[in-house]
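Student: For reference, this is input01.cif, and it has mmCIF, C-alpha atoms.
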```
data_entry
#
loop_
_atom_site.label_atom_id
_atom_site.label_comp_id
_atom_site.auth_asym_id
_atom_site.auth_seq_id
_atom_site.Cartn_x
_atom_site.Cartn_y
_atom_site.Cartn_z
CA MET A 26 0.00 0.00 0.00
CA ASP A 27 1.23 3.46 -0.91
CA LEU A 28 1.48 6.38 1.51
CA SER A 29 -1.66 8.37 2.32
CA LEU A 30 -1.58 11.80 3.97
CA SER A 31 -4.25 14.18 5.21
CA THR A 32 -4.20 17.14 7.59
CA ARG A 33 -6.72 18.86 9.83
CA THR A 34 -6.58 21.57 12.47
CA GLU A 35 -7.52 20.98 16.11
CA GLY A 36 -7.14 24.14 18.17
CA ASP A 37 -3.58 25.36 17.73
CA ARG A 38 -2.40 21.93 16.59
CA THR A 39 -2.19 20.53 13.09
CA VAL A 40 -2.90 16.81 12.93
CA VAL A 41 -1.21 14.94 10.09
CA VAL A 42 -2.85 11.56 9.52
CA VAL A 43 -0.44 9.13 7.86
CA GLY A 44 -1.39 5.74 6.44
CA GLY A 45 0.31 2.96 4.46
CA GLU A 46 4.05 2.46 4.04
CA ILE A 47 6.73 5.03 4.87
CA ASP A 48 9.90 3.84 3.19
CA VAL A 49 12.71 5.14 1.01
CA TYR A 50 10.27 5.56 -1.90
CA THR A 51 7.38 7.28 -0.13
CA ALA A 52 9.22 9.22 2.61
CA PRO A 53 9.90 12.26 0.35
CA LYS A 54 6.12 12.85 0.18
CA LEU A 55 5.92 13.02 3.98
CA ARG A 56 8.98 15.27 4.09
CA GLU A 57 7.34 17.71 1.64
CA GLN A 58 4.15 17.74 3.70
CA LEU A 59 6.02 18.57 6.92
CA ILE A 60 8.10 21.26 5.20
CA ASP A 61 4.93 22.82 3.71
CA LEU A 62 3.25 22.95 7.12
CA VAL A 63 6.22 24.60 8.79
CA SER A 64 6.62 27.03 5.87
CA SER A 65 2.99 28.08 6.30
CA GLY A 66 3.56 28.82 9.99
CA GLN A 67 2.17 25.64 11.56
CA TYR A 68 4.68 24.77 14.24
CA HIS A 69 2.68 22.48 16.55
CA LEU A 70 2.22 19.17 14.76
CA VAL A 71 0.65 15.88 15.79
CA VAL A 72 1.50 13.00 13.46
CA ASP A 73 -1.09 10.23 13.74
CA MET A 74 0.66 6.99 12.77
CA GLU A 75 -2.05 4.52 13.69
CA GLY A 76 -2.67 3.74 10.01
CA VAL A 77 1.01 3.20 9.19
CA GLU A 78 1.76 -0.36 8.10
CA PHE A 79 5.48 -0.04 7.58
CA LEU A 80 8.13 2.42 8.79
CA ASP A 81 11.87 2.18 8.20
CA SER A 82 14.80 4.40 9.15
CA THR A 83 14.25 6.63 6.10
CA GLY A 84 10.83 7.47 7.54
CA LEU A 85 12.36 8.02 10.97
CA GLY A 86 14.85 10.43 9.39
CA VAL A 87 11.97 12.44 7.92
CA LEU A 88 10.20 12.63 11.29
CA VAL A 89 13.43 13.70 12.98
CA GLY A 90 13.89 16.34 10.26
CA GLY A 91 10.36 17.59 10.96
CA LEU A 92 11.09 17.75 14.67
CA LYS A 93 14.18 19.87 14.04
CA ARG A 94 12.19 22.26 11.82
CA VAL A 95 9.41 22.86 14.35
CA ARG A 96 11.91 23.17 17.19
CA ALA A 97 13.62 25.98 15.26
CA HIS A 98 10.31 27.87 15.72
CA GLU A 99 9.82 26.71 19.29
CA GLY A 100 7.15 24.33 18.08
CA SER A 101 6.42 20.69 18.82
CA LEU A 102 6.01 17.41 16.95
CA ARG A 103 4.09 14.70 18.77
CA LEU A 104 3.45 11.19 17.52
CA VAL A 105 0.39 9.02 18.01
CA CYS A 106 1.27 5.34 17.84
CA THR A 107 0.22 2.22 19.71
CA GLN A 108 1.39 -0.41 17.19
CA GLU A 109 4.12 -2.56 18.65
CA ARG A 110 5.80 -3.29 15.30
CA ILE A 111 6.15 0.45 14.62
CA LEU A 112 7.19 1.34 18.19
CA LYS A 113 9.96 -1.25 18.02
CA ILE A 114 12.07 0.77 15.57
CA PHE A 115 11.67 3.89 17.75
CA ARG A 116 12.99 1.89 20.70
CA ILE A 117 15.93 0.39 18.76
CA THR A 118 17.06 3.85 17.68
CA GLY A 119 16.45 5.48 21.06
CA LEU A 120 13.99 7.93 19.49
CA THR A 121 11.39 7.14 22.15
CA LYS A 122 13.40 9.60 24.25
CA VAL A 123 13.28 12.26 21.53
CA PHE A 124 9.62 12.16 20.45
CA PRO A 125 6.65 12.44 22.75
CA ILE A 126 4.61 9.35 21.77
CA HIS A 127 0.91 9.31 22.68
CA GLY A 128 -1.82 6.68 22.75
CA SER A 129 -4.46 8.81 21.02
CA VAL A 130 -4.84 12.01 19.00
CA GLU A 131 -6.96 13.50 21.81
CA GLU A 132 -4.14 12.92 24.30
CA ALA A 133 -1.53 14.39 21.93
CA VAL A 134 -3.64 17.47 21.15
CA ALA A 135 -4.24 18.10 24.87
CA ALA A 136 -0.57 17.62 25.85
CA THR A 137 1.36 20.74 26.75
CA ASP A 138 4.60 19.66 28.40
CA MET B 137 17.18 -26.08 -0.30
CA ALA B 138 15.32 -23.50 -2.38
CA HIS B 139 16.27 -19.99 -3.25
CA VAL B 140 15.01 -16.77 -4.76
CA GLU B 141 17.57 -14.41 -6.24
CA LEU B 142 16.89 -10.81 -7.19
CA THR B 143 19.06 -8.17 -8.78
CA LEU B 144 17.65 -4.69 -8.84
CA SER B 145 18.60 -1.32 -10.18
CA PRO B 146 19.33 0.90 -7.19
CA LEU B 147 16.01 2.76 -7.25
CA PRO B 148 13.88 3.45 -4.15
CA ALA B 149 10.74 2.12 -5.88
CA HIS B 150 12.29 -1.35 -6.15
CA VAL B 151 12.88 -1.71 -2.41
CA ARG B 152 9.18 -2.37 -1.91
CA THR B 153 9.20 -4.97 -4.69
CA VAL B 154 12.03 -6.81 -2.94
CA ARG B 155 10.16 -6.70 0.37
CA LEU B 156 7.06 -8.18 -1.24
CA VAL B 157 8.96 -10.99 -2.96
CA ALA B 158 11.02 -11.89 0.11
CA VAL B 159 7.95 -11.87 2.37
CA ALA B 160 6.15 -14.20 -0.04
CA ALA B 161 9.16 -16.54 -0.09
CA ALA B 162 9.45 -16.44 3.71
CA ARG B 163 5.75 -17.25 4.20
CA ARG B 164 6.03 -20.11 1.74
CA ALA B 165 9.03 -21.44 3.66
CA GLY B 166 6.91 -21.43 6.84
CA LEU B 167 8.54 -18.55 8.75
CA GLU B 168 6.31 -17.60 11.69
CA ALA B 169 4.24 -14.41 11.34
CA GLY B 170 6.15 -12.29 13.89
CA LEU B 171 9.43 -13.12 12.22
CA VAL B 172 7.99 -12.31 8.79
CA ASP B 173 7.37 -8.77 10.09
CA GLU B 174 10.94 -8.63 11.33
CA LEU B 175 12.25 -9.87 7.98
CA ARG B 176 10.17 -7.26 6.12
CA LEU B 177 11.67 -4.41 8.15
CA ALA B 178 15.21 -5.82 8.20
CA LEU B 179 15.31 -6.48 4.47
CA GLY B 180 13.80 -3.03 3.85
CA GLU B 181 16.60 -1.47 5.89
CA ALA B 182 19.33 -3.52 4.18
CA CYS B 183 17.98 -2.71 0.71
CA SER B 184 17.38 0.99 1.44
CA ARG B 185 20.94 1.17 2.68
CA ALA B 186 22.27 -0.59 -0.43
CA VAL B 187 20.18 1.60 -2.75
CA ALA B 188 21.48 4.75 -1.01
CA LEU B 189 25.10 3.60 -1.32
CA HIS B 190 24.74 2.60 -4.97
CA ALA B 191 22.93 5.84 -5.86
CA ARG B 192 25.88 7.77 -4.45
CA HIS B 193 28.79 5.55 -5.50
CA ALA B 194 27.78 2.94 -8.09
CA PRO B 195 24.50 3.94 -9.82
CA ASP B 196 24.98 1.49 -12.70
CA VAL B 197 25.64 -1.55 -10.52
CA PRO B 198 22.62 -3.61 -9.43
CA VAL B 199 21.99 -4.55 -5.80
CA SER B 200 21.86 -8.30 -5.22
CA VAL B 201 19.45 -10.05 -2.84
CA LEU B 202 19.41 -13.79 -2.18
CA VAL B 203 16.75 -15.56 -0.09
CA THR B 204 17.51 -19.21 0.72
CA ASP B 205 15.55 -21.68 2.80
CA GLY B 206 17.18 -24.85 3.95
CA PRO B 207 17.89 -27.02 6.99
CA ASP B 208 19.64 -24.12 8.74
CA GLY B 209 16.63 -21.84 8.42
CA LEU B 210 15.85 -18.91 6.19
CA THR B 211 18.83 -16.85 5.07
CA VAL B 212 18.62 -13.43 3.43
CA GLU B 213 21.76 -11.93 1.93
CA VAL B 214 22.08 -8.38 0.58
CA ARG B 215 25.26 -7.42 -1.27
CA ASP B 216 26.04 -3.78 -1.93
CA ARG B 217 28.82 -1.86 -3.62
CA GLY B 218 30.14 1.17 -1.77
CA PRO B 219 32.23 2.37 1.14
CA ALA B 220 32.30 0.06 4.12
CA ALA B 221 30.21 0.71 7.17
CA GLY B 222 31.62 3.38 9.46
CA PRO B 223 31.91 3.04 13.22
CA LEU B 224 28.56 3.49 14.93
CA SER B 225 28.08 6.37 17.28
CA GLY B 226 27.24 5.46 20.85
CA ASN B 227 24.04 7.49 20.69
CA LEU B 228 22.01 6.69 17.60
CA ALA B 229 19.21 9.15 18.36
CA GLU B 230 21.74 12.00 18.66
CA GLU B 231 23.34 10.97 15.38
CA MET B 232 19.94 11.00 13.67
CA LEU B 233 19.18 14.45 15.06
CA ASP B 234 22.53 15.74 13.82
CA ASN B 235 22.18 14.23 10.36
CA ALA B 236 18.41 14.43 9.85
CA ASP B 237 17.22 14.71 6.29
CA GLU B 238 20.05 13.55 4.08
CA PRO B 239 20.17 15.99 1.14
CA ASP B 240 19.22 13.29 -1.38
CA GLY B 241 16.40 11.95 0.81
CA LEU B 242 18.04 8.54 1.13
CA VAL B 243 18.80 6.59 4.26
CA ASP B 244 21.87 7.18 6.43
CA PRO B 245 23.75 3.89 5.77
CA ASP B 246 25.14 3.73 9.29
CA VAL B 247 21.72 4.23 10.89
CA ALA B 248 20.27 1.45 8.72
CA LEU B 249 23.03 -0.92 9.87
CA ALA B 250 22.45 -0.01 13.50
CA VAL B 251 18.75 -0.76 13.12
CA LEU B 252 19.56 -4.10 11.51
CA SER B 253 21.91 -5.05 14.32
CA GLY B 254 19.30 -4.11 16.91
CA LEU B 255 16.49 -5.88 15.11
CA VAL B 256 17.85 -9.23 13.98
CA ASP B 257 19.46 -11.63 16.46
CA ASP B 258 21.46 -13.48 13.80
CA CYS B 259 22.86 -10.71 11.60
CA ASP B 260 26.32 -10.79 10.08
CA ILE B 261 27.85 -7.70 8.46
CA ALA B 262 30.88 -8.64 6.36
CA VAL B 263 33.05 -6.01 4.69
CA ARG B 264 34.40 -6.96 1.25
CA PRO B 265 37.02 -4.92 -0.66
CA ASP B 266 34.28 -3.37 -2.82
CA GLY B 267 31.31 -3.28 -0.48
CA THR B 268 29.39 -4.93 2.32
CA THR B 269 27.44 -8.18 2.55
CA VAL B 270 24.64 -8.27 5.11
CA THR B 271 23.51 -11.81 5.98
CA MET B 272 20.49 -12.41 8.21
CA ARG B 273 19.12 -15.75 9.37
CA TRP B 274 15.84 -16.81 10.93
CA PRO B 275 14.85 -20.26 12.23
CA LEU B 276 12.20 -22.22 10.35
CA PRO B 277 9.80 -24.68 11.97
CA PRO B 278 10.40 -28.39 11.22
CA PRO B 279 8.98 -29.58 7.87
CA VAL B 280 5.26 -30.28 7.84
CA LEU B 281 4.25 -33.92 7.45
CA GLY B 282 3.55 -34.94 3.89
CA VAL B 283 6.05 -32.60 2.27
CA ALA B 284 9.17 -34.10 3.83
CA GLY B 285 11.54 -36.03 1.60
CA PRO B 286 11.59 -39.81 1.06
CA GLY B 287 12.44 -41.83 4.11
CA SER B 288 10.94 -39.35 6.55
CA THR B 289 8.82 -40.86 9.27
CA ALA B 290 5.14 -40.00 9.05
CA VAL B 291 4.54 -39.78 12.78
CA ALA B 292 2.93 -36.71 14.28
CA GLN B 293 4.71 -35.11 17.22
CA ALA B 294 1.89 -34.82 19.71
#
```
Written as structure tokens, how would this file's structure read?
Tutor:
Amino acid sequence: MDLSLSTRTEGDRTVVVVGGEIDVYTAPKLREQLIDLVSSGQYHLVVDMEGVEFLDSTGLGVLVGGLKRVRAHEGSLRLVCTQERILKIFRITGLTKVFPIHGSVEEAVAATD
Amino acid sequence: MAHVELTLSPLPAHVRTVRLVAVAAARRAGLEAGLVDELRLALGEACSRAVALHARHAPDVPVSVLVTDGPDGLTVEVRDRGPAAGPLSGNLAEEMLDNADEPDGLVDPDVALAVLSGLVDDCDIAVRPDGTTVTMRWPLPPPVLGVAGPGSTAVAQA
């Protein structure tokens, strides 16, 4: 399955809903989306990954790149993910300590710390 | 002993094709579902890494992938052409933050290797003069009754 992307606004947060496979072929699409959001002044992002079926280190690199961009504007990038097979790669790389990872979009949107 | 061999032009689009083929071969060989997921991710990492290296250093040379199932389990070998793996930083997350977003959008080869090492218990990374060979192995369940070779005993293990 290819990558699917959609965005919506919830309060001062922008929720990016990602589905399908994030790999070396599809990751550029996600990168463009994150760059576009930051360029248009949206610095508080919630990336909903519950529909993601596959994520490799290329995809992780794009998320880390997004985090650096929003941080440059004192923004935030929160992830929503409960899938063990996706969380595993965050643990292996130690990125669980870098990204706030939430159990639901509601929780991520409400989070302030 | 059966094998599937693939050679692919180093293009990102082909990495998915390789994942699909290898997953089909692994399922056919009887690899358990959780390990099929692991193989999908590990092979994706190994191939993304190879594609990134070839794109930068050997764009005309194909990447080679060999999937073999036999008595020792399922073996997946990915051979690339390019500079050998560098030493891994102690803090992978820091390294990713420092090097986020490679200019060409391809994977950081060292990060991919670190993920492979963390993911697959039996993973061997061998440096050749012209590149690296990544070999990963997974155990297969014993052959199912009825498809074993001649002379096998048709007694169910209760």
Student: Using all atoms listed in the file, can you tell me which of A:Val49, A:Leu28, A:Val72, A:Leu102 comes closest to chain B?
Tutor: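 Looking only at the distances to chain B, the closest residue turns out to be A:Val49.
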Student: For chain B, list the residues within 10 Å of chain A, counting only C-alpha atoms, and write the list as JSON, numbers by chain.
Tutor: {"B": [147, 148, 149, 150, 151, 152, 170, 173, 174, 176, 177, 178, 180, 181, 183, 184, 185, 187, 188, 227, 228, 229, 230, 231, 232, 233, 234, 235, 236, 237, 238, 240, 241, 242, 243, 244, 245, 247, 248, 249, 250, 251, 252, 253, 254, 255]}
Student: I want to know what sits within 12 Å of Pro265 of chain B, based on all atoms listed in the file, with residues of the same chain fewer than 5 positions away left out; could you give that as an MDAnalysis selection string?
Tutor: chainID B and resid 216:221
Student: Residues around (26.6, -0.4, -4.8), cut-off 8 Å, counting all atoms listed in the file - what are they as a ChimeraX atom specification?
Tutor: /B:146,186-187,189-191,193-195,197-199,215-218,267
Student: To one decimal place, how far is atom CA of Val43 of chain A from atom CA of Glu75 of chain A in Å?
Tutor: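 Going from atom CA of Val43 of chain A over to atom CA of Glu75 of chain A, I get 7.6 Å.
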Student: I'd like to see the residues matched by the PyMOL selection byres ((chain A and resi 30) around 9) on this file, and ideally I'd get them as a CSV table (one decimal) with C-alpha atoms, keeping the file's coordinate frame.
Tutor:
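Output file expr-v1.csv follows:
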```csv
chain,number,residue,atom,x,y,z
A,28,LEU,CA,1.5,6.4,1.5
A,29,SER,CA,-1.7,8.4,2.3
A,31,SER,CA,-4.2,14.2,5.2
A,32,THR,CA,-4.2,17.1,7.6
A,41,VAL,CA,-1.2,14.9,10.1
A,42,VAL,CA,-2.8,11.6,9.5
A,43,VAL,CA,-0.4,9.1,7.9
A,44,GLY,CA,-1.4,5.7,6.4
A,54,LYS,CA,6.1,12.8,0.2
A,55,LEU,CA,5.9,13.0,4.0
A,58,GLN,CA,4.2,17.7,3.7
```
Student: Find the residues around Val40 of chain A up to 7 Å (all atoms listed in the file counted), leave out those fewer than 6 positions away in its own chain, and share them as a ChimeraX atom specification.
Tutor: /A:32-34,70-73
Student: In terms of the shortest atom-to-atom distance over only C-alpha atoms, which of A:Gln108, A:Ile47, A:Arg96, A:His69 is closest to Ala136 of chain A?
Tutor: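 Selected residue with least distance to Ala136 of chain A: A:His69.
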Student: Considering only C-alpha atoms, can you say which of B:His139, B:Arg192, B:Arg163, B:Arg155 comes closest to Thr211 of chain B?
Tutor: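 Of B:His139, B:Arg192, B:Arg163, B:Arg155, the one nearest Thr211 of chain B is B:His139, counting only C-alpha atoms.
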Student: Please indicate the distance in Å from atom CA of Met272 of chain B to atom CA of Gly76 of chain A, rounded to one decimal place.
Tutor: 28.3 Å
Student: Is it possible to get the axis-aligned box enclosing segment 37-46 of chain A (all listed atoms, 6 Å extra per side) as JSON, with centre and edge lengths in Å rounded to one decimal?
Tutor:
```
{"center_x": 0.2, "center_y": 13.9, "center_z": 10.9, "size_x": 19.6, "size_y": 34.9, "size_z": 25.7}
```
Student: Suppose you want the space between atom CA of Ser200 of chain B and atom CA of Gly166 of chain B; what is it in Å?
Tutor: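 Atom CA of Ser200 of chain B sits 23.3 Å away from atom CA of Gly166 of chain B.
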Student: Given the file shown, enumerate the residues that the PyMOL selection byres ((chain A and resi 107) around 10) captures and present them as a ChimeraX atom specification.
Tutor: /A:74-75,104-106,108-112,126-129
Student: Which residues match the PyMOL selection byres ((chain B and resi 276) around 6) in the file above, as an mmCIF file with C-alpha atoms, in the frame of the given file?
Tutor:
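And here is the file that came out, out_2.cif:
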```cif
data_model
loop_
_atom_site.group_PDB
_atom_site.id
_atom_site.type_symbol
_atom_site.label_atom_id
_atom_site.label_comp_id
_atom_site.auth_asym_id
_atom_site.auth_seq_id
_atom_site.Cartn_x
_atom_site.Cartn_y
_atom_site.Cartn_z
ATOM 1 C CA LEU B 167 8.540 -18.550 8.750
ATOM 2 C CA GLY B 209 16.630 -21.840 8.420
ATOM 3 C CA PRO B 275 14.850 -20.260 12.230
ATOM 4 C CA PRO B 277 9.800 -24.680 11.970
#
```
Student: Atoms are missing here; could segment 107-118 of chain A be completed with all heavy atoms and written as an mmCIF file, in the frame of the given file?
Tutor:
```
data_model
loop_
_atom_site.group_PDB
_atom_site.id
_atom_site.type_symbol
_atom_site.label_atom_id
_atom_site.label_comp_id
_atom_site.auth_asym_id
_atom_site.auth_seq_id
_atom_site.Cartn_x
_atom_site.Cartn_y
_atom_site.Cartn_z
ATOM 1 N N THR A 107 0.345 3.295 18.715
ATOM 2 C CA THR A 107 0.220 2.220 19.710
ATOM 3 C C THR A 107 0.634 0.866 19.105
ATOM 4 O O THR A 107 0.563 -0.143 19.785
ATOM 5 C CB THR A 107 -1.244 2.094 20.200
ATOM 6 O OG1 THR A 107 -2.088 1.846 19.072
ATOM 7 C CG2 THR A 107 -1.709 3.363 20.899
ATOM 8 N N GLN A 108 1.055 0.867 17.838
ATOM 9 C CA GLN A 108 1.390 -0.410 17.190
ATOM 10 C C GLN A 108 2.787 -0.864 17.601
ATOM 11 O O GLN A 108 3.775 -0.163 17.337
ATOM 12 C CB GLN A 108 1.383 -0.255 15.677
ATOM 13 C CG GLN A 108 0.066 0.130 15.067
ATOM 14 C CD GLN A 108 0.188 0.118 13.564
ATOM 15 O OE1 GLN A 108 0.270 -0.946 12.951
ATOM 16 N NE2 GLN A 108 0.243 1.282 12.962
ATOM 17 N N GLU A 109 2.850 -2.041 18.154
ATOM 18 C CA GLU A 109 4.120 -2.560 18.650
ATOM 19 C C GLU A 109 5.181 -2.637 17.551
ATOM 20 O O GLU A 109 6.336 -2.278 17.747
ATOM 21 C CB GLU A 109 3.899 -3.936 19.286
ATOM 22 C CG GLU A 109 5.112 -4.538 19.945
ATOM 23 C CD GLU A 109 5.855 -3.584 20.891
ATOM 24 O OE1 GLU A 109 5.192 -2.779 21.607
ATOM 25 O OE2 GLU A 109 7.085 -3.620 20.883
ATOM 26 N N ARG A 110 4.777 -3.091 16.352
ATOM 27 C CA ARG A 110 5.800 -3.290 15.300
ATOM 28 C C ARG A 110 6.380 -1.960 14.817
ATOM 29 O O ARG A 110 7.477 -1.926 14.281
ATOM 30 C CB ARG A 110 5.240 -4.108 14.143
ATOM 31 C CG ARG A 110 4.103 -3.465 13.397
ATOM 32 C CD ARG A 110 3.689 -4.364 12.239
ATOM 33 N NE ARG A 110 2.513 -3.850 11.581
ATOM 34 C CZ ARG A 110 1.980 -4.405 10.517
ATOM 35 N NH1 ARG A 110 2.514 -5.480 10.002
ATOM 36 N NH2 ARG A 110 0.905 -3.899 9.964
ATOM 37 N N ILE A 111 5.619 -0.863 14.995
ATOM 38 C CA ILE A 111 6.150 0.450 14.620
ATOM 39 C C ILE A 111 6.971 1.026 15.785
ATOM 40 O O ILE A 111 8.042 1.608 15.586
ATOM 41 C CB ILE A 111 4.996 1.425 14.266
ATOM 42 C CG1 ILE A 111 4.096 0.846 13.159
ATOM 43 C CG2 ILE A 111 5.530 2.801 13.882
ATOM 44 C CD1 ILE A 111 4.726 0.756 11.801
ATOM 45 N N LEU A 112 6.481 0.815 17.009
ATOM 46 C CA LEU A 112 7.190 1.340 18.190
ATOM 47 C C LEU A 112 8.577 0.712 18.335
ATOM 48 O O LEU A 112 9.505 1.336 18.841
ATOM 49 C CB LEU A 112 6.369 1.086 19.454
ATOM 50 C CG LEU A 112 5.087 1.911 19.591
ATOM 51 C CD1 LEU A 112 4.243 1.402 20.752
ATOM 52 C CD2 LEU A 112 5.422 3.394 19.787
ATOM 53 N N LYS A 113 8.701 -0.516 17.861
ATOM 54 C CA LYS A 113 9.960 -1.250 18.020
ATOM 55 C C LYS A 113 11.146 -0.484 17.420
ATOM 56 O O LYS A 113 12.201 -0.377 18.034
ATOM 57 C CB LYS A 113 9.823 -2.616 17.327
ATOM 58 C CG LYS A 113 10.907 -3.589 17.657
ATOM 59 C CD LYS A 113 10.555 -4.966 17.119
ATOM 60 C CE LYS A 113 11.611 -5.965 17.505
ATOM 61 N NZ LYS A 113 11.303 -7.312 17.013
ATOM 62 N N ILE A 114 10.948 0.080 16.229
ATOM 63 C CA ILE A 114 12.070 0.770 15.570
ATOM 64 C C ILE A 114 12.393 2.086 16.291
ATOM 65 O O ILE A 114 13.546 2.518 16.322
ATOM 66 C CB ILE A 114 11.791 0.978 14.058
ATOM 67 C CG1 ILE A 114 13.048 1.476 13.350
ATOM 68 C CG2 ILE A 114 10.636 1.888 13.799
ATOM 69 C CD1 ILE A 114 12.958 1.454 11.848
ATOM 70 N N PHE A 115 11.388 2.695 16.938
ATOM 71 C CA PHE A 115 11.670 3.890 17.750
ATOM 72 C C PHE A 115 12.517 3.508 18.958
ATOM 73 O O PHE A 115 13.400 4.248 19.375
ATOM 74 C CB PHE A 115 10.362 4.541 18.224
ATOM 75 C CG PHE A 115 9.686 5.358 17.154
ATOM 76 C CD1 PHE A 115 8.677 4.818 16.378
ATOM 77 C CD2 PHE A 115 10.066 6.667 16.919
ATOM 78 C CE1 PHE A 115 8.060 5.568 15.390
ATOM 79 C CE2 PHE A 115 9.457 7.426 15.935
ATOM 80 C CZ PHE A 115 8.451 6.873 15.173
ATOM 81 N N ARG A 116 12.228 2.327 19.526
ATOM 82 C CA ARG A 116 12.990 1.890 20.700
ATOM 83 C C ARG A 116 14.424 1.538 20.318
ATOM 84 O O ARG A 116 15.369 1.913 21.002
ATOM 85 C CB ARG A 116 12.309 0.691 21.348
ATOM 86 C CG ARG A 116 11.228 1.097 22.341
ATOM 87 C CD ARG A 116 10.916 -0.036 23.295
ATOM 88 N NE ARG A 116 10.282 -1.143 22.603
ATOM 89 C CZ ARG A 116 8.981 -1.247 22.391
ATOM 90 N NH1 ARG A 116 8.170 -0.336 22.860
ATOM 91 N NH2 ARG A 116 8.486 -2.274 21.748
ATOM 92 N N ILE A 117 14.583 0.806 19.187
ATOM 93 C CA ILE A 117 15.930 0.390 18.760
ATOM 94 C C ILE A 117 16.823 1.607 18.553
ATOM 95 O O ILE A 117 18.002 1.600 18.891
ATOM 96 C CB ILE A 117 15.845 -0.442 17.450
ATOM 97 C CG1 ILE A 117 15.220 -1.806 17.723
ATOM 98 C CG2 ILE A 117 17.224 -0.617 16.816
ATOM 99 C CD1 ILE A 117 14.910 -2.599 16.469
ATOM 100 N N THR A 118 16.259 2.670 17.989
ATOM 101 C CA THR A 118 17.060 3.850 17.680
ATOM 102 C C THR A 118 17.140 4.836 18.840
ATOM 103 O O THR A 118 17.845 5.840 18.741
ATOM 104 C CB THR A 118 16.456 4.583 16.454
ATOM 105 O OG1 THR A 118 15.051 4.769 16.681
ATOM 106 C CG2 THR A 118 16.645 3.779 15.189
#
```
